[in-house]
>>> print(open('final.cif').read())   # mmCIF, C-alpha atoms and all ligand atoms
data_protein
loop_
_atom_site.label_atom_id
_atom_site.label_comp_id
_atom_site.auth_asym_id
_atom_site.auth_seq_id
_atom_site.Cartn_x
_atom_site.Cartn_y
_atom_site.Cartn_z
CA MET A 1479 0.00 0.00 0.00
CA PHE A 1480 1.26 3.46 -0.92
CA PHE A 1481 1.19 6.55 1.29
CA ASP A 1482 1.19 9.84 -0.65
CA SER A 1483 2.60 12.17 1.99
CA HIS A 1484 1.79 15.40 0.12
CA ALA A 1485 -1.00 16.15 -2.36
CA HIS A 1486 -3.55 18.88 -2.96
CA ILE A 1487 -6.94 17.16 -3.20
CA ASN A 1488 -8.06 20.56 -1.86
CA HIS A 1489 -6.87 22.46 -4.96
CA GLU A 1490 -9.32 25.11 -6.13
CA GLU A 1491 -8.96 23.89 -9.71
CA TYR A 1492 -11.12 20.84 -8.82
CA SER A 1493 -14.89 21.25 -9.01
CA PRO A 1494 -16.79 19.17 -6.44
CA GLU A 1495 -17.48 16.61 -9.20
CA ALA A 1496 -13.82 16.51 -10.27
CA ARG A 1497 -12.76 16.07 -6.64
CA ALA A 1498 -15.22 13.19 -6.17
CA GLN A 1499 -13.91 11.55 -9.34
CA LEU A 1500 -10.33 11.99 -8.13
CA ALA A 1501 -11.33 10.35 -4.83
CA ARG A 1502 -12.81 7.37 -6.70
CA SER A 1503 -9.62 6.93 -8.73
CA ILE A 1504 -7.60 6.91 -5.48
CA GLU A 1505 -9.96 4.34 -3.96
CA LEU A 1506 -9.42 2.05 -6.99
CA SER A 1507 -5.61 2.36 -6.72
CA ASP A 1508 -2.97 0.95 -4.35
CA VAL A 1509 -2.83 4.28 -2.52
CA GLY A 1510 -4.15 3.76 1.00
CA PHE A 1511 -3.33 7.14 2.55
CA VAL A 1512 -3.00 10.73 1.32
CA VAL A 1513 -2.13 13.86 3.29
CA ASP A 1514 -4.11 16.72 1.72
CA VAL A 1515 -1.93 19.76 2.32
CA GLY A 1516 -3.22 23.30 2.87
CA PHE A 1517 -1.48 26.27 1.27
CA ASP A 1518 -3.81 29.08 2.34
CA LEU A 1519 -6.88 29.43 4.60
CA ASN A 1520 -9.43 28.15 2.06
CA SER A 1521 -7.37 25.15 1.00
CA SER A 1522 -6.68 24.31 4.66
CA ALA A 1523 -10.43 24.33 5.39
CA GLN A 1524 -11.01 22.19 2.28
CA ALA A 1525 -8.34 19.72 3.45
CA VAL A 1526 -10.14 19.37 6.79
CA ALA A 1527 -13.43 18.79 4.92
CA ASP A 1528 -11.80 16.21 2.62
CA ALA A 1529 -10.35 14.37 5.63
CA ALA A 1530 -13.80 14.26 7.21
CA GLN A 1531 -15.28 12.84 4.02
CA TYR A 1532 -12.70 10.24 3.00
CA ASP A 1533 -11.23 7.49 5.20
CA TRP A 1534 -7.87 7.53 3.42
CA CYS A 1535 -7.50 11.31 3.60
CA TYR A 1536 -5.68 13.26 6.34
CA ALA A 1537 -5.19 17.02 6.49
CA ALA A 1538 -2.35 19.50 7.00
CA VAL A 1539 -3.17 23.16 7.60
CA GLY A 1540 -0.97 26.18 6.94
CA VAL A 1541 -0.10 29.06 4.63
CA HIS A 1542 2.46 28.64 1.83
CA PRO A 1543 5.24 31.23 1.39
CA HIS A 1544 3.59 32.33 -1.90
CA ASP A 1545 0.60 33.50 0.19
CA ALA A 1546 2.60 35.16 2.97
CA ALA A 1547 1.78 38.68 1.74
CA GLU A 1548 -1.95 38.00 2.32
CA MET A 1549 -1.38 36.47 5.77
CA ASN A 1550 -2.43 38.19 9.01
CA ASP A 1551 -3.04 37.40 12.69
CA GLU A 1552 -6.69 36.57 12.13
CA ILE A 1553 -5.80 33.99 9.50
CA LEU A 1554 -3.22 32.48 11.86
CA THR A 1555 -5.91 32.18 14.55
CA ARG A 1556 -8.22 30.44 12.08
CA ILE A 1557 -5.44 28.06 11.01
CA GLU A 1558 -4.93 27.20 14.68
CA ALA A 1559 -8.67 26.52 15.07
CA LEU A 1560 -8.62 24.26 11.98
CA ALA A 1561 -5.63 22.38 13.43
CA ALA A 1562 -7.89 21.17 16.26
CA ALA A 1563 -10.18 19.32 13.82
CA PRO A 1564 -10.10 15.50 13.65
CA LYS A 1565 -7.50 13.97 11.29
CA VAL A 1566 -5.33 17.09 11.09
CA VAL A 1567 -1.88 15.51 11.25
CA ALA A 1568 0.49 18.43 10.51
CA ILE A 1569 1.09 22.14 10.10
CA GLY A 1570 2.00 22.88 6.48
CA GLU A 1571 2.99 23.59 3.97
CA ILE A 1572 5.11 26.44 5.28
CA GLY A 1573 8.57 27.71 4.42
CA LEU A 1574 10.48 29.98 2.05
CA ASP A 1575 10.38 30.25 -1.75
CA PHE A 1576 12.96 32.72 -3.02
CA PHE A 1577 12.83 31.14 -6.50
CA ARG A 1578 9.49 32.64 -7.41
CA ASN A 1579 9.30 35.33 -4.70
CA ILE A 1580 5.54 35.73 -5.15
CA SER A 1581 5.40 37.27 -1.66
CA PRO A 1582 8.13 39.63 -0.36
CA GLU A 1583 10.96 37.77 1.39
CA ASP A 1584 10.40 39.51 4.73
CA ASP A 1585 6.71 38.50 4.77
CA GLN A 1586 7.75 34.93 4.00
CA ARG A 1587 10.25 34.90 6.88
CA TYR A 1588 7.81 36.44 9.36
CA TRP A 1589 4.93 34.03 8.73
CA PHE A 1590 7.25 31.04 8.44
CA ARG A 1591 8.49 31.76 11.98
CA LYS A 1592 4.98 32.31 13.32
CA GLN A 1593 3.72 29.02 11.85
CA ILE A 1594 6.74 27.05 13.09
CA ARG A 1595 5.85 28.34 16.58
CA LEU A 1596 2.28 27.11 16.07
CA GLY A 1597 3.53 23.63 15.12
CA LEU A 1598 5.79 23.55 18.18
CA LYS A 1599 3.00 24.75 20.48
CA LEU A 1600 0.55 22.13 19.18
CA GLY A 1601 3.16 19.34 19.08
CA LEU A 1602 2.28 18.58 15.44
CA PRO A 1603 4.59 17.47 12.61
CA ILE A 1604 5.62 20.35 10.31
CA LEU A 1605 5.76 20.16 6.49
CA ILE A 1606 8.41 22.37 4.92
CA HIS A 1607 8.51 23.94 1.46
CA ASP A 1608 12.04 25.15 0.70
CA ARG A 1609 13.05 26.56 -2.66
CA ASP A 1610 16.25 28.54 -3.31
CA SER A 1611 16.49 29.87 0.24
CA ALA A 1612 20.28 29.32 0.34
CA GLY A 1613 20.08 27.56 3.68
CA GLU A 1614 17.86 30.14 5.34
CA THR A 1615 14.94 27.70 5.78
CA ILE A 1616 17.09 25.40 7.90
CA ARG A 1617 18.64 28.36 9.74
CA ILE A 1618 15.18 29.61 10.73
CA LEU A 1619 14.01 26.12 11.73
CA THR A 1620 17.09 25.83 13.94
CA GLU A 1621 16.68 29.31 15.46
CA GLU A 1622 13.03 28.58 16.26
CA GLY A 1623 13.94 25.34 18.04
CA ALA A 1624 12.24 23.05 15.51
CA LEU A 1625 15.29 20.74 15.54
CA SER A 1626 16.14 21.25 19.23
CA ASP A 1627 16.47 18.58 21.92
CA MET A 1628 13.22 19.86 23.43
CA ARG A 1629 11.30 19.38 20.18
CA ARG A 1630 12.94 15.98 19.63
CA SER A 1631 11.93 14.87 23.12
CA VAL A 1632 8.25 15.22 22.15
CA PHE A 1633 8.41 12.19 19.79
CA PRO A 1634 9.96 8.72 20.06
CA PRO A 1635 13.31 8.28 18.25
CA ASN A 1636 13.43 6.55 14.88
CA PRO A 1637 12.92 2.84 15.68
CA VAL A 1638 15.46 1.69 13.06
CA THR A 1639 18.34 4.13 13.51
CA GLY A 1640 17.66 5.43 17.01
CA ILE A 1641 18.10 9.00 15.71
CA PRO A 1642 15.92 11.49 17.66
CA ASP A 1643 12.91 12.55 15.59
CA ALA A 1644 11.81 16.20 15.32
CA ARG A 1645 8.92 15.36 12.92
CA ILE A 1646 10.07 17.98 10.43
CA LEU A 1647 9.40 16.88 6.82
CA LEU A 1648 11.35 18.43 3.95
CA HIS A 1649 8.72 18.01 1.25
CA CYS A 1650 9.82 17.55 -2.39
CA TYR A 1651 13.42 17.58 -1.20
CA SER A 1652 15.74 19.20 -3.77
CA GLY A 1653 19.04 19.55 -1.89
CA THR A 1654 22.12 17.32 -2.04
CA ALA A 1655 22.54 13.87 -0.50
CA ASP A 1656 25.20 15.16 1.93
CA GLU A 1657 22.84 17.88 3.18
CA ALA A 1658 20.04 15.33 3.52
CA LEU A 1659 22.20 13.07 5.71
CA LEU A 1660 23.08 15.99 7.98
CA LEU A 1661 19.42 17.02 8.27
CA ILE A 1662 18.40 13.46 9.11
CA GLU A 1663 21.01 13.40 11.90
CA GLN A 1664 19.30 16.52 13.29
CA GLY A 1665 15.89 14.86 13.31
CA ALA A 1666 14.42 15.75 9.89
CA THR A 1667 12.70 13.39 7.43
CA ILE A 1668 13.05 13.59 3.63
CA SER A 1669 10.22 13.25 1.10
CA LEU A 1670 10.85 12.69 -2.61
CA ALA A 1671 8.41 13.60 -5.39
CA GLY A 1672 8.17 13.27 -9.20
CA PRO A 1673 11.41 15.15 -9.97
CA VAL A 1674 13.41 12.08 -8.83
CA THR A 1675 12.20 10.42 -12.07
CA TYR A 1676 13.55 13.18 -14.33
CA LYS A 1677 16.51 11.98 -16.36
CA LYS A 1678 18.80 14.95 -15.80
CA ASN A 1679 18.16 15.12 -12.05
CA THR A 1680 21.30 13.31 -10.92
CA LYS A 1681 21.37 15.26 -7.65
CA THR A 1682 18.04 13.82 -6.47
CA ALA A 1683 18.95 10.39 -7.86
CA GLU A 1684 21.89 10.41 -5.46
CA VAL A 1685 19.59 11.41 -2.59
CA ALA A 1686 17.27 8.49 -3.45
CA ALA A 1687 20.19 6.08 -3.44
CA ARG A 1688 21.93 7.28 -0.28
CA VAL A 1689 19.42 8.42 2.37
CA PRO A 1690 18.50 5.76 4.92
CA LEU A 1691 15.17 4.22 3.88
CA SER A 1692 14.02 4.60 7.51
CA HIS A 1693 13.92 8.41 7.03
CA LEU A 1694 12.32 8.54 3.57
CA LEU A 1695 8.74 9.31 2.51
CA ILE A 1696 7.26 9.61 -0.99
CA GLU A 1697 4.69 12.02 -2.39
CA THR A 1698 3.13 13.39 -5.56
CA ASP A 1699 2.54 17.10 -4.76
CA ALA A 1700 -0.44 16.55 -7.11
CA PRO A 1701 -1.70 18.25 -9.25
CA TYR A 1702 1.90 19.49 -9.78
CA LEU A 1703 5.18 17.74 -10.60
CA SER A 1704 3.99 14.62 -12.45
CA PRO A 1705 6.61 11.87 -12.57
CA GLU A 1706 7.83 10.37 -15.81
CA PRO A 1707 6.15 9.11 -18.00
CA PHE A 1708 3.41 11.68 -17.24
CA ARG A 1709 5.64 14.74 -16.92
CA GLY A 1710 3.79 17.89 -18.01
CA LYS A 1711 0.35 16.35 -17.44
CA PRO A 1712 -1.78 16.83 -14.30
CA ASN A 1713 -0.54 14.67 -11.45
CA SER A 1714 -2.61 12.59 -9.04
CA SER A 1715 -1.87 10.33 -6.08
CA PRO A 1716 -1.92 6.97 -7.97
CA PHE A 1717 1.13 8.20 -9.97
CA VAL A 1718 3.21 7.91 -6.77
CA VAL A 1719 3.95 4.35 -7.94
CA HIS A 1720 6.32 5.76 -10.61
CA THR A 1721 8.29 7.69 -8.01
CA ALA A 1722 8.52 4.55 -5.84
CA GLN A 1723 9.68 2.49 -8.82
CA LYS A 1724 12.45 4.96 -9.67
CA ILE A 1725 13.70 5.04 -6.07
CA ALA A 1726 13.65 1.21 -6.03
CA ASP A 1727 15.70 1.19 -9.26
CA PHE A 1728 18.28 3.60 -7.80
CA ARG A 1729 18.60 1.48 -4.65
CA GLY A 1730 18.51 -1.90 -6.39
CA VAL A 1731 15.57 -3.17 -4.33
CA ALA A 1732 12.02 -4.29 -5.12
CA ARG A 1733 9.37 -1.61 -5.52
CA SER A 1734 7.30 -3.34 -2.84
CA GLU A 1735 10.06 -2.63 -0.30
CA ILE A 1736 9.88 1.12 -1.05
CA GLU A 1737 6.08 0.97 -1.03
CA GLU A 1738 5.76 -0.79 2.33
CA THR A 1739 8.61 0.94 4.14
CA THR A 1740 7.63 4.47 3.13
CA CYS A 1741 4.02 3.70 4.08
CA ALA A 1742 5.06 2.51 7.54
CA ASN A 1743 7.41 5.52 7.90
CA ALA A 1744 4.63 7.96 6.97
CA CYS A 1745 2.13 6.37 9.37
CA ARG A 1746 4.70 6.75 12.13
CA PHE A 1747 5.60 10.33 11.09
CA PHE A 1748 1.98 11.48 11.06
CA GLY A 1749 0.90 9.39 14.06
CA ILE A 1750 -1.62 7.35 12.05
CA ASP A 1751 -2.63 3.86 13.27
CA ARG A 1752 -2.59 1.53 10.32
CA LYS A 1753 -5.50 -0.85 10.65
ZN ZN B 1 2.52 21.25 -2.17
#
>>> encode(input="final.cif", output="structure tokens", more="lines below")
Ligand SMILES: [Zn+2]
Amino acid sequence: MFFDSHAHINHEEYSPEARAQLARSIELSDVGFVVDVGFDLNSSAQAVADAAQYDWCYAAVGVHPHDAAEMNDEILTRIEALAAAPKVVAIGEIGLDFFRNISPEDDQRYWFRKQIRLGLKLGLPILIHDRDSAGETIRILTEEGALSDMRRSVFPPNPVTGIPDARILLHCYSGTADEALLLIEQGATISLAGPVTYKKNTKTAEVAARVPLSHLLIETDAPYLSPEPFRGKPNSSPFVVHTAQKIADFRGVARSEIEETTCANACRFFGIDRK
């Protein structure tokens, strides 16, 4: 069974009918769990509604760095209220995106810090979006105590490696393998998405081959970032199989090993009891 650790079932591009059809296609696939990730207030509320409607769906609530310019204290209060709903398993996606800079950098930094503090206060896992921040995302996480001993004492250590777990997920990880290993030592978890299947992406291929499987999750980031052979087309959770296959190829193991281990890892990361 596959666990898609990051998708946007909540995306505003889906009509209610399209969303219901998407849900049916997930139910007919080998995907058993999806975390529906908020990126602004509306999508966070939709994620909570989706989680209430579908057994396999869990929600994350938060405001993406692209939307930081529109963020305010009232929205933060409403995100906190949503976080108390059943099946909300994380704060996210939050972080920095200096590649597109849709919101001013200072707004991004401010609301990133505020939402990290919310995740720490609530004791929830935190889902990180990091693009071209030149290390600032990790610096802020560190300054805010998201990788501190105190945060790591909230959760049990990784049962395979014994490394303390801060329940910080670097979603659609795009850094180097060496950086990933250092982050894992500090208590972070790595999630790989469709770009690991892209031929020229040797950097992420190396990550897939070298990170300990015990600290790896997989995701689609649907409707974005379709894996090969669907690159350029709309993505959806069942395509996570292609990402798993590519990681299995890079590691020289069976796809079922990636499927089962990343599913167990994600259930542990999000605190979900697998029936
Ligand atoms: Zn996303």
>>> residues_near_ligand(input="final.cif", ligand="ligand ZN 1 (chain B)", cutoff="7 Å", atoms="all atoms listed in the file", output="PDB file with C-alpha atoms, keeping the file's coordinate frame")
ATOM      1  CA  HIS A1484       1.790  15.400   0.120  1.00  0.00           C
ATOM      2  CA  ALA A1485      -1.000  16.150  -2.360  1.00  0.00           C
ATOM      3  CA  HIS A1486      -3.550  18.880  -2.960  1.00  0.00           C
ATOM      4  CA  VAL A1515      -1.930  19.760   2.320  1.00  0.00           C
ATOM      5  CA  GLU A1571       2.990  23.590   3.970  1.00  0.00           C
ATOM      6  CA  ASP A1699       2.540  17.100  -4.760  1.00  0.00           C
TER       7      ASP A1699
END
>>> residues_around(input="final.cif", residues="Asn1520 of chain A", least_positions_apart="2", cutoff="12 Å", atoms="all atoms listed in the file", output="list in words")
Asn1488, His1489, Glu1490, Val1515, Gly1516, Phe1517, Asp1518, Ser1522, Ala1523, Gln1524, Ala1525, Val1526, Ala1527, Val1539, Gly1540, Val1541, His1542, Asp1545, Ile1553, Arg1556, Ile1557 and Leu1560 of chain A
>>> residues_around(input="final.cif", residues="segment 1501-1506 of chain A", least_positions_apart="3", cutoff="7 Å", atoms="all atoms listed in the file", output="VMD selection string")
chain A and resid 1497 to 1498 1509 1715 to 1716
>>> write_last_selection(input="final.cif", atoms="C-alpha atoms", output="short mmCIF file (atom, residue, chain, number, x, y, z; two decimals), in the coordinates of the input")
data_model
loop_
_atom_site.label_atom_id
_atom_site.label_comp_id
_atom_site.auth_asym_id
_atom_site.auth_seq_id
_atom_site.Cartn_x
_atom_site.Cartn_y
_atom_site.Cartn_z
CA ARG A 1497 -12.76 16.07 -6.64
CA ALA A 1498 -15.22 13.19 -6.17
CA VAL A 1509 -2.83 4.28 -2.52
CA SER A 1715 -1.87 10.33 -6.08
CA PRO A 1716 -1.92 6.97 -7.97
#
>>> closest_residue(input="final.cif", among="A:Lys1599, A:Leu1554, A:Leu1574, A:Leu1695", to="Val1513 of chain A", atoms="all atoms listed in the file")
A:Leu1695
>>> atom_distance(input="final.cif", atom1="atom CA of Ala1742 of chain A", atom2="atom CA of Ala1530 of chain A")
22.2 Å
